[in-house]
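Engineer: The following block contains the structure, expressed as structure tokens.
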Protein chains: 2
Amino acid sequence: MDNFTYCTPTRYLFGRGVELQAGAELKAIGIDNVLVCTGMGSVVRSGLLQRVLATLDAEGIVYTVLSGIEPNPTDPKVREGIEICRAGNIGGLLAVGGGSVIDTAKAIAAGVPYDGDFWDFWAGKAVVTHALPVGVVLTIPAAGSEGSGNSVITLLDGLHKISLRTDYALRPKFALLNPELTFTLPPEQTAAGIADMMAHIFERYFSPTADVQITDRVAEGVLMAIIEEAPKVMADPCDYQARANIMWSGTLAHNGICGTGRREDWVSHFMEHEISAVYGVTHGAGLAVVFPAFMTFMARRAPAKGALLARRVFGVVNADDSEAALEGIERLKAFFSSLGLPVTFRGLGIENPDIPLLVSKLHENKGDEIGGYYRLRAPQTAEIYRLAL
Amino acid sequence: MDNFTYCTPTRYLFGRGVELQAGAELKAIGIDNVLVCTGMGSVVRSGLLQRVLATLDAEGIVYTVLSGIEPNPTDPKVREGIEICRAGNIGGLLAVGGGSVIDTAKAIAAGVPYDGDFWDFWAGKAVVTHALPVGVVLTIPAAGSEGSGNSVITLLDGLHKISLRTDYALRPKFALLNPELTFTLPPEQTAAGIADMMAHIFERYFSPTADVQITDRVAEGVLMAIIEEAPKVMADPCDYQARANIMWSGTLAHNGICGTGRREDWVSHFMEHEISAVYGVTHGAGLAVVFPAFMTFMARRAPAKGALLARRVFGVVNADDSEAALEGIERLKAFFSSLGLPVTFRGLGIENPDIPLLVSKLHENKGDEIGGYYRLRAPQTAEIYRLAL
């Protein structure tokens, strides 16, 4: 086990009706003028935004709404939000939505008090030391951004999709998690969210660090819960208990508890970010394609972790590590397919992916040699992309 | 799954040498005058206290040392600490030790800014709304107090051993966890700590709340990690990796992550508190006696959770819930015995326990009907005590 520092100060309110605490929670952290970030309109159509804004009115909190944040969010919306906050002397953000909305809110929060261009943080030229406080009303369990210090933004100029990771500065102050708000998610979005949260665990599970039994076991537990509950939410989108299990699993998958004490991987996320930056696919669906390919590559080179996963999570009985890992991958693919997720580029609707472009952008953004579990250079990442054909 | 609020703001620094961050961590939270709480001298003999105090000196932090806090800590030491803090205008506490030292530090922290008697909080007459900040250098992985908002204190007058539970007010601001500091623990203390942390999970696992798959799975994962690592620390007390796994498991067992979304039980802790208040036994050893008895009672009345535990954690294959639960209990007892722990009153050195006294004090302290998993009155708690004979 490696030395680590771990702190998750986010205050979670979980259950029916918790979105009605938005005003009180903002007030409790001293925010009286807030930028409310939303996506493409579903929170208006569902009435959620109005319900939340009413709780702000009730607390006398002034607000401005920044709507229209798209999936795979880009820098112009962040710049727009930063300008609004500066001009309006706004002291905090409330994200009402999923990962894209939360990540945009975080980027605005980091950018407002910073003298330079907010992208400096994503480009690795500066470190976020302070930011406006961010609160969350979560509508899509997937990205885990409600409990993480991370934010993924795409710079339109050059299509650089980059994940910024902070320890604390960008962790939300509070997150309001009402499973009922996820009843209306379309099946493909529910499924992509499930793939995304599983991927967040895989990235931590495929670690070169030995002797992390406790972290392995917690990670396996969250995966098993997801695998058991996922078919229920697909079968009945209004199954409150299954939605609740999936929602909390998505938070635990990415708030760091599945990674304590070990080096993490994140190559599959980096590889997927290139696919969604170039082809605009849903992040979770892209991960369902990349991960089996990544694991197949590893089953041939470094099968230990894949074999452990196969045996403990998928119940594979096979004494050979490589064979066990490959059997586990087949079960994972069958599971993804049962949720209606693609497991190949073709399934994603990309018949002839431009693998050389993806590889070149990947290494341009992330360096010549990448990966925590196993070091990969361009020939190897190209092979992984090809395994996803 | 029940609605819940969950927040664990404690900052954990984990690994070799982290105790040397004590001064810097105190300074970071603005404490320049601290009461350092310690136990019965082992931290002096090992040189740990001197190392920690040197880091306070290096930061220019003024300190007073309150030593001599005994296992099963009592109110006079708390009162002494409150007086010292008030007289010396002390702004925070640093506990260097295990659960008893941390719990005493928390009680002092709650008492200093309170106008009335600190016991009011434990007696349920007042609620802790603010307290001095507490930091921890942990030496015994067991009580989980380094990550919890709880504190167990015994009022000498009447031997009332009561656990106070707060959501946030008494959660430590930081906890420094160096597994090396646990190398010198005697085997019986290591084993009792393991029973204590497992008990913290059992108390949450035996819940009447349905549909908490994610919380069950996380709890089972922590239990499995403990069961796998425990024999290693018993065989080699200086096995860093095994000690590290046990130490972090002890924190996760009690920081609330194994209880989210469900009603918890805690009857076995209440029952053990009476045993240790009357007979002065080690809390963890007492729990190793009470829990199998509690589970045996439940295997006959409400076997579902015991059966799940037996199948998932102990690998029991038996389609009958009651039989499966009983098989699981046998495996748990065999595991405790393998660590040298008692599993009966006799093993605790109590040949003829005064069960009527234990039962009467239990219900005097906790009410006529107790228990989250299954409601118990005096005849039932007496039966559980008898099952431990």
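Order determines the names: the first chain of the structure tokens is A, the second B, and so forth; residues in each chain are numbered 1 upward, and ligands are numbered 1 upward as they are shown.
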Could you pull out the strand (DSSP E or B) residues of range 64-176 of chain A from DSSP and send them as a ChimeraX atom specification?
Structural biologist: /A:64-66,74,92-97,134-138,150-155,160-165,174-176
Engineer: Which residues in range 194-296 of chain B does DSSP call helix (DSSP H, G or I)? List them as a PyMOL selection string.
Structural biologist: chain B and resi 194-205+213-235+240-252+267-279+283-296
Engineer: Give me, as JSON, numbers by chain, the contact residues of chain B against chain A at a cut-off of 6 Å, counting only C-alpha atoms.
Structural biologist: {"B": [3, 4, 5, 6, 7, 8, 9, 11, 12, 13, 14, 15, 213, 214, 217, 218, 221, 225, 245]}
Engineer: Store the residues picked out above, limited to all heavy atoms, as a compact mmCIF listing (two decimals), in the first residue's frame.
Structural biologist:
```
# COMPACT_ATOMS: atom_id res chain seq x y z
N ASN B 3 -33.38 7.54 3.40
CA ASN B 3 -32.72 8.84 3.20
C ASN B 3 -31.55 8.97 4.19
O ASN B 3 -31.63 8.45 5.30
CB ASN B 3 -33.71 9.98 3.47
CG ASN B 3 -34.69 10.19 2.32
OD1 ASN B 3 -34.84 9.33 1.46
ND2 ASN B 3 -35.34 11.33 2.32
N PHE B 4 -30.50 9.64 3.78
CA PHE B 4 -29.40 9.84 4.73
C PHE B 4 -28.63 11.11 4.39
O PHE B 4 -28.70 11.64 3.28
CB PHE B 4 -28.45 8.64 4.77
CG PHE B 4 -27.70 8.37 3.48
CD1 PHE B 4 -26.48 8.98 3.21
CD2 PHE B 4 -28.21 7.49 2.53
CE1 PHE B 4 -25.79 8.72 2.04
CE2 PHE B 4 -27.52 7.23 1.35
CZ PHE B 4 -26.32 7.85 1.11
N THR B 5 -27.90 11.59 5.41
CA THR B 5 -26.93 12.67 5.23
C THR B 5 -25.58 12.09 5.62
O THR B 5 -25.48 11.37 6.61
CB THR B 5 -27.27 13.86 6.15
OG1 THR B 5 -28.57 14.33 5.82
CG2 THR B 5 -26.27 14.98 5.97
N TYR B 6 -24.58 12.34 4.80
CA TYR B 6 -23.27 11.73 5.07
C TYR B 6 -22.17 12.73 4.75
O TYR B 6 -22.15 13.32 3.67
CB TYR B 6 -23.10 10.48 4.21
CG TYR B 6 -21.82 9.72 4.46
CD1 TYR B 6 -21.57 9.16 5.71
CD2 TYR B 6 -20.86 9.58 3.47
CE1 TYR B 6 -20.39 8.47 5.95
CE2 TYR B 6 -19.69 8.89 3.70
CZ TYR B 6 -19.46 8.33 4.95
OH TYR B 6 -18.29 7.66 5.19
N CYS B 7 -21.29 12.93 5.70
CA CYS B 7 -20.19 13.86 5.50
C CYS B 7 -19.02 13.43 6.37
O CYS B 7 -19.16 13.30 7.58
CB CYS B 7 -20.62 15.28 5.86
SG CYS B 7 -19.34 16.50 5.55
N THR B 8 -17.88 13.15 5.77
CA THR B 8 -16.69 12.75 6.52
C THR B 8 -15.55 13.70 6.18
O THR B 8 -14.72 13.41 5.32
CB THR B 8 -16.25 11.32 6.15
OG1 THR B 8 -16.09 11.25 4.73
CG2 THR B 8 -17.25 10.30 6.61
N PRO B 9 -15.51 14.82 6.86
CA PRO B 9 -14.53 15.85 6.49
C PRO B 9 -13.12 15.58 7.03
O PRO B 9 -12.21 16.34 6.71
CB PRO B 9 -15.12 17.11 7.13
CG PRO B 9 -15.90 16.61 8.29
CD PRO B 9 -16.42 15.25 7.92
N ARG B 11 -9.46 14.75 7.45
CA ARG B 11 -8.37 14.64 6.47
C ARG B 11 -7.43 13.54 6.97
O ARG B 11 -6.85 13.65 8.05
CB ARG B 11 -7.67 16.00 6.42
CG ARG B 11 -6.55 16.13 5.46
CD ARG B 11 -6.13 17.62 5.42
NE ARG B 11 -4.69 17.75 5.39
CZ ARG B 11 -3.97 17.71 4.28
NH1 ARG B 11 -4.58 17.59 3.12
NH2 ARG B 11 -2.68 17.81 4.34
N TYR B 12 -7.30 12.47 6.18
CA TYR B 12 -6.46 11.34 6.56
C TYR B 12 -5.11 11.45 5.88
O TYR B 12 -5.04 11.59 4.65
CB TYR B 12 -7.09 10.02 6.15
CG TYR B 12 -8.46 9.76 6.75
CD1 TYR B 12 -9.60 9.86 5.97
CD2 TYR B 12 -8.60 9.44 8.09
CE1 TYR B 12 -10.86 9.64 6.52
CE2 TYR B 12 -9.86 9.22 8.65
CZ TYR B 12 -10.98 9.31 7.85
OH TYR B 12 -12.22 9.09 8.38
N LEU B 13 -4.05 11.37 6.66
CA LEU B 13 -2.71 11.20 6.10
C LEU B 13 -2.26 9.81 6.52
O LEU B 13 -2.21 9.50 7.72
CB LEU B 13 -1.72 12.26 6.64
CG LEU B 13 -1.75 13.62 5.92
CD1 LEU B 13 -3.03 14.36 6.22
CD2 LEU B 13 -0.55 14.44 6.31
N PHE B 14 -1.95 8.98 5.54
CA PHE B 14 -1.72 7.57 5.81
C PHE B 14 -0.35 7.15 5.29
O PHE B 14 -0.01 7.42 4.14
CB PHE B 14 -2.81 6.74 5.10
CG PHE B 14 -2.82 5.28 5.47
CD1 PHE B 14 -3.75 4.81 6.38
CD2 PHE B 14 -1.92 4.39 4.93
CE1 PHE B 14 -3.77 3.46 6.73
CE2 PHE B 14 -1.92 3.05 5.28
CZ PHE B 14 -2.86 2.58 6.19
N GLY B 15 0.42 6.47 6.14
CA GLY B 15 1.68 5.90 5.67
C GLY B 15 2.83 6.12 6.63
O GLY B 15 2.67 6.70 7.70
N GLN B 213 -28.09 -2.85 -1.10
CA GLN B 213 -27.07 -3.67 -1.76
C GLN B 213 -25.69 -3.01 -1.72
O GLN B 213 -24.69 -3.65 -1.35
CB GLN B 213 -27.49 -3.85 -3.22
CG GLN B 213 -26.66 -4.79 -4.02
CD GLN B 213 -26.99 -6.23 -3.70
OE1 GLN B 213 -26.23 -6.91 -3.02
NE2 GLN B 213 -28.14 -6.69 -4.17
N ILE B 214 -25.62 -1.75 -2.10
CA ILE B 214 -24.31 -1.10 -2.19
C ILE B 214 -23.64 -1.05 -0.81
O ILE B 214 -22.45 -1.32 -0.67
CB ILE B 214 -24.43 0.32 -2.83
CG1 ILE B 214 -23.09 1.06 -2.78
CG2 ILE B 214 -25.51 1.17 -2.20
CD1 ILE B 214 -21.98 0.41 -3.56
N ARG B 217 -22.53 -4.54 0.27
CA ARG B 217 -21.35 -5.02 -0.46
C ARG B 217 -20.07 -4.36 0.03
O ARG B 217 -19.02 -5.00 0.11
CB ARG B 217 -21.53 -4.77 -1.96
CG ARG B 217 -22.52 -5.71 -2.64
CD ARG B 217 -21.96 -7.12 -2.73
NE ARG B 217 -22.78 -7.98 -3.58
CZ ARG B 217 -22.55 -9.29 -3.75
NH1 ARG B 217 -21.52 -9.86 -3.13
NH2 ARG B 217 -23.32 -10.01 -4.51
N VAL B 218 -20.15 -3.08 0.32
CA VAL B 218 -18.97 -2.39 0.86
C VAL B 218 -18.61 -2.97 2.23
O VAL B 218 -17.45 -3.26 2.51
CB VAL B 218 -19.21 -0.86 0.95
CG1 VAL B 218 -18.10 -0.18 1.73
CG2 VAL B 218 -19.31 -0.26 -0.46
N GLY B 221 -17.02 -6.28 1.86
CA GLY B 221 -15.65 -6.13 1.35
C GLY B 221 -14.67 -5.80 2.47
O GLY B 221 -13.57 -6.38 2.54
N ALA B 225 -11.56 -8.19 3.78
CA ALA B 225 -10.17 -7.72 3.85
C ALA B 225 -9.60 -7.96 5.25
O ALA B 225 -8.46 -8.41 5.40
CB ALA B 225 -10.11 -6.23 3.48
N ASN B 245 -3.27 -2.59 5.84
CA ASN B 245 -4.63 -3.00 5.47
C ASN B 245 -5.56 -3.02 6.68
O ASN B 245 -6.72 -2.56 6.59
CB ASN B 245 -4.60 -4.38 4.79
CG ASN B 245 -4.34 -4.28 3.30
OD1 ASN B 245 -5.23 -3.96 2.54
ND2 ASN B 245 -3.10 -4.53 2.89
```
Engineer: Excluding His200 in chain B and residues on its chain fewer than 3 positions from it, collect all residues at most 8 Å away from it, counting only C-alpha atoms, and give them as a JSON list (two decimals) with all heavy atoms, in the first residue's frame.
Structural biologist:
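The result, written out as out-v8.json:
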```json
[["chain", "number", "residue", "atom", "x", "y", "z"],
["B", 196, "ASP", "N", -13.07, -5.51, 17.38],
["B", 196, "ASP", "CA", -13.80, -4.24, 17.51],
["B", 196, "ASP", "C", -14.20, -3.70, 16.14],
["B", 196, "ASP", "O", -15.35, -3.32, 15.91],
["B", 196, "ASP", "CB", -12.90, -3.24, 18.25],
["B", 196, "ASP", "CG", -13.66, -2.04, 18.79],
["B", 196, "ASP", "OD1", -14.90, -2.05, 18.74],
["B", 196, "ASP", "OD2", -13.01, -1.09, 19.27],
["B", 197, "MET", "N", -13.25, -3.69, 15.20],
["B", 197, "MET", "CA", -13.60, -3.13, 13.89],
["B", 197, "MET", "C", -14.62, -4.02, 13.16],
["B", 197, "MET", "O", -15.53, -3.50, 12.50],
["B", 197, "MET", "CB", -12.35, -2.84, 13.06],
["B", 197, "MET", "CG", -11.44, -3.97, 12.76],
["B", 197, "MET", "SD", -9.91, -3.45, 11.86],
["B", 197, "MET", "CE", -8.92, -2.69, 13.14],
["B", 203, "GLU", "N", -22.60, -4.22, 13.39],
["B", 203, "GLU", "CA", -23.68, -3.38, 13.95],
["B", 203, "GLU", "C", -24.45, -2.67, 12.84],
["B", 203, "GLU", "O", -25.63, -2.35, 13.00],
["B", 203, "GLU", "CB", -23.11, -2.32, 14.90],
["B", 203, "GLU", "CG", -22.41, -2.87, 16.13],
["B", 203, "GLU", "CD", -23.35, -3.37, 17.21],
["B", 203, "GLU", "OE1", -24.52, -3.63, 16.91],
["B", 203, "GLU", "OE2", -22.88, -3.51, 18.36],
["B", 204, "ARG", "N", -23.74, -2.38, 11.75],
["B", 204, "ARG", "CA", -24.40, -1.71, 10.62],
["B", 204, "ARG", "C", -25.02, -2.71, 9.66],
["B", 204, "ARG", "O", -25.99, -2.41, 8.96],
["B", 204, "ARG", "CB", -23.37, -0.84, 9.89],
["B", 204, "ARG", "CG", -22.86, 0.31, 10.75],
["B", 204, "ARG", "CD", -21.73, 1.08, 10.09],
["B", 204, "ARG", "NE", -21.53, 2.36, 10.75],
["B", 204, "ARG", "CZ", -20.61, 2.61, 11.70],
["B", 204, "ARG", "NH1", -19.81, 1.65, 12.09],
["B", 204, "ARG", "NH2", -20.51, 3.80, 12.24],
["B", 253, "ALA", "N", -14.36, 0.88, 8.78],
["B", 253, "ALA", "CA", -15.38, 0.14, 9.54],
["B", 253, "ALA", "C", -16.27, 1.08, 10.34],
["B", 253, "ALA", "O", -17.40, 0.72, 10.67],
["B", 253, "ALA", "CB", -14.70, -0.86, 10.47],
["B", 254, "HIS", "N", -15.75, 2.28, 10.66],
["B", 254, "HIS", "CA", -16.51, 3.09, 11.61],
["B", 254, "HIS", "C", -16.67, 4.55, 11.18],
["B", 254, "HIS", "O", -17.14, 5.38, 11.95],
["B", 254, "HIS", "CB", -15.81, 3.03, 12.98],
["B", 254, "HIS", "CG", -16.72, 3.34, 14.13],
["B", 254, "HIS", "ND1", -18.03, 2.92, 14.19],
["B", 254, "HIS", "CD2", -16.50, 4.03, 15.28],
["B", 254, "HIS", "CE1", -18.57, 3.35, 15.33],
["B", 254, "HIS", "NE2", -17.67, 4.03, 16.00]]
```
Engineer: To one decimal in Å, tell me the separation between CA of Val343 in chain A and CA of Cys238 in chain A.
Structural biologist: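 CA of Cys238 in chain A lies at a distance of 26.3 Å from CA of Val343 in chain A.
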Engineer: Show me, as a short mmCIF file (atom, residue, chain, number, x, y, z; two decimals) with N, CA and C atoms, in the first residue's frame, the residues that have an atom within 7 Å of Leu94 in chain B when counting only C-alpha atoms, minus same-chain residues fewer than 5 positions from it.
Structural biologist:
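result.cif, written as the output of this step:
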```cif
data_model
loop_
_atom_site.label_atom_id
_atom_site.label_comp_id
_atom_site.auth_asym_id
_atom_site.auth_seq_id
_atom_site.Cartn_x
_atom_site.Cartn_y
_atom_site.Cartn_z
N VAL B 34 -2.18 23.84 22.25
CA VAL B 34 -2.90 22.58 22.13
C VAL B 34 -2.73 21.73 23.39
N LEU B 35 -3.78 20.97 23.71
CA LEU B 35 -3.69 19.97 24.77
C LEU B 35 -3.42 18.61 24.10
N VAL B 36 -2.27 18.02 24.43
CA VAL B 36 -1.91 16.73 23.86
C VAL B 36 -2.34 15.64 24.84
N CYS B 37 -3.23 14.75 24.39
CA CYS B 37 -3.76 13.70 25.26
C CYS B 37 -3.05 12.38 24.96
N VAL B 134 -10.15 18.72 17.01
CA VAL B 134 -9.35 17.59 17.49
C VAL B 134 -8.55 16.99 16.34
N GLY B 135 -7.26 16.77 16.57
CA GLY B 135 -6.42 16.02 15.63
C GLY B 135 -5.99 14.72 16.29
N VAL B 136 -5.57 13.75 15.45
CA VAL B 136 -5.27 12.41 15.98
C VAL B 136 -3.96 11.88 15.40
#
```
Engineer: Smallest atom-to-atom distance to Leu181 in chain B: which of B:Ile201, B:Ala87, B:Leu48, B:Val267, using only C-alpha atoms?
Structural biologist: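 Closest residue, counting only C-alpha atoms: B:Leu48.
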Engineer: To one decimal in Å, tell me the separation between CA of His363 in chain B and CA of Leu348 in chain B.
Structural biologist: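 Those two atoms sit 22.6 Å apart.
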Engineer: Can you pull out the residues contacting range 307-312 of chain A? Cut-off 6 Å, using only C-alpha atoms, and skip same-chain residues under 6 positions away; I want them as an MDAnalysis selection string.
Structural biologist: chainID A and resid 321 324:325 328
Engineer: With C-alpha atoms kept, could you save the residues just selected as a JSON list (two decimals), in the first residue's frame?
Structural biologist:
```json
[["chain", "number", "residue", "atom", "x", "y", "z"],
["A", 321, "ASP", "CA", -4.61, -15.97, -14.85],
["A", 324, "ALA", "CA", -9.46, -16.28, -16.25],
["A", 325, "ALA", "CA", -8.99, -12.65, -17.25],
["A", 328, "GLY", "CA", -13.99, -12.19, -17.19]]
```
Engineer: Determine, counting only C-alpha atoms, which protein, DNA and RNA residues have an atom within 7 Å of an atom of Gly39 in chain B; residues of the same chain fewer than 2 positions away are not included. Present the result as a short mmCIF file (atom, residue, chain, number, x, y, z; two decimals) with C-alpha atoms, in the first residue's frame.
Structural biologist:
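Heads up, here's the output in around37.cif:
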```cif
data_model
loop_
_atom_site.label_atom_id
_atom_site.label_comp_id
_atom_site.auth_asym_id
_atom_site.auth_seq_id
_atom_site.Cartn_x
_atom_site.Cartn_y
_atom_site.Cartn_z
CA GLY B 41 3.00 5.67 28.91
CA SER B 67 -1.27 11.78 30.21
CA GLY B 68 -2.62 8.77 32.01
CA ILE B 69 -5.87 8.27 30.10
CA GLU B 70 -6.90 4.69 30.86
CA GLY B 97 -3.11 7.03 21.16
CA VAL B 101 -7.39 8.72 24.26
#
```
Engineer: Hey, can you check how far CA of Leu326 in chain B sits from CA of Pro303 in chain B?
Structural biologist: 8.8 Å
Engineer: Just the residues within 8 Å of Ser148 in chain A, please, counting only C-alpha atoms, with nothing from its chain fewer than 5 positions along; format it as a list of chain:residue names.
Structural biologist: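 Surrounding residues, per the criterion: A:Leu170, A:Arg171, A:Pro172, A:His254, A:Asn255, A:Gly256.
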Engineer: Selection from above, N, CA and C atoms, as a PDB file, in the first residue's frame, can you write it?
Structural biologist:
```
ATOM      1  N   LEU A 170     -11.725  21.621  -5.795  1.00  0.00           N
ATOM      2  CA  LEU A 170     -12.934  21.573  -6.624  1.00  0.00           C
ATOM      3  C   LEU A 170     -13.946  20.519  -6.171  1.00  0.00           C
ATOM      4  N   ARG A 171     -13.749  19.959  -4.982  1.00  0.00           N
ATOM      5  CA  ARG A 171     -14.788  19.044  -4.494  1.00  0.00           C
ATOM      6  C   ARG A 171     -16.031  19.863  -4.112  1.00  0.00           C
ATOM      7  N   PRO A 172     -17.206  19.439  -4.547  1.00  0.00           N
ATOM      8  CA  PRO A 172     -18.414  20.182  -4.180  1.00  0.00           C
ATOM      9  C   PRO A 172     -18.573  20.287  -2.658  1.00  0.00           C
ATOM     10  N   HIS A 254     -16.261   7.131  -7.580  1.00  0.00           N
ATOM     11  CA  HIS A 254     -15.351   8.186  -8.040  1.00  0.00           C
ATOM     12  C   HIS A 254     -14.986   9.200  -6.964  1.00  0.00           C
ATOM     13  N   ASN A 255     -15.379   8.959  -5.703  1.00  0.00           N
ATOM     14  CA  ASN A 255     -14.982   9.934  -4.683  1.00  0.00           C
ATOM     15  C   ASN A 255     -13.620   9.590  -4.081  1.00  0.00           C
ATOM     16  N   GLY A 256     -12.994   8.538  -4.583  1.00  0.00           N
ATOM     17  CA  GLY A 256     -11.630   8.221  -4.186  1.00  0.00           C
ATOM     18  C   GLY A 256     -11.504   7.009  -3.283  1.00  0.00           C
TER      19      GLY A 256
END
```
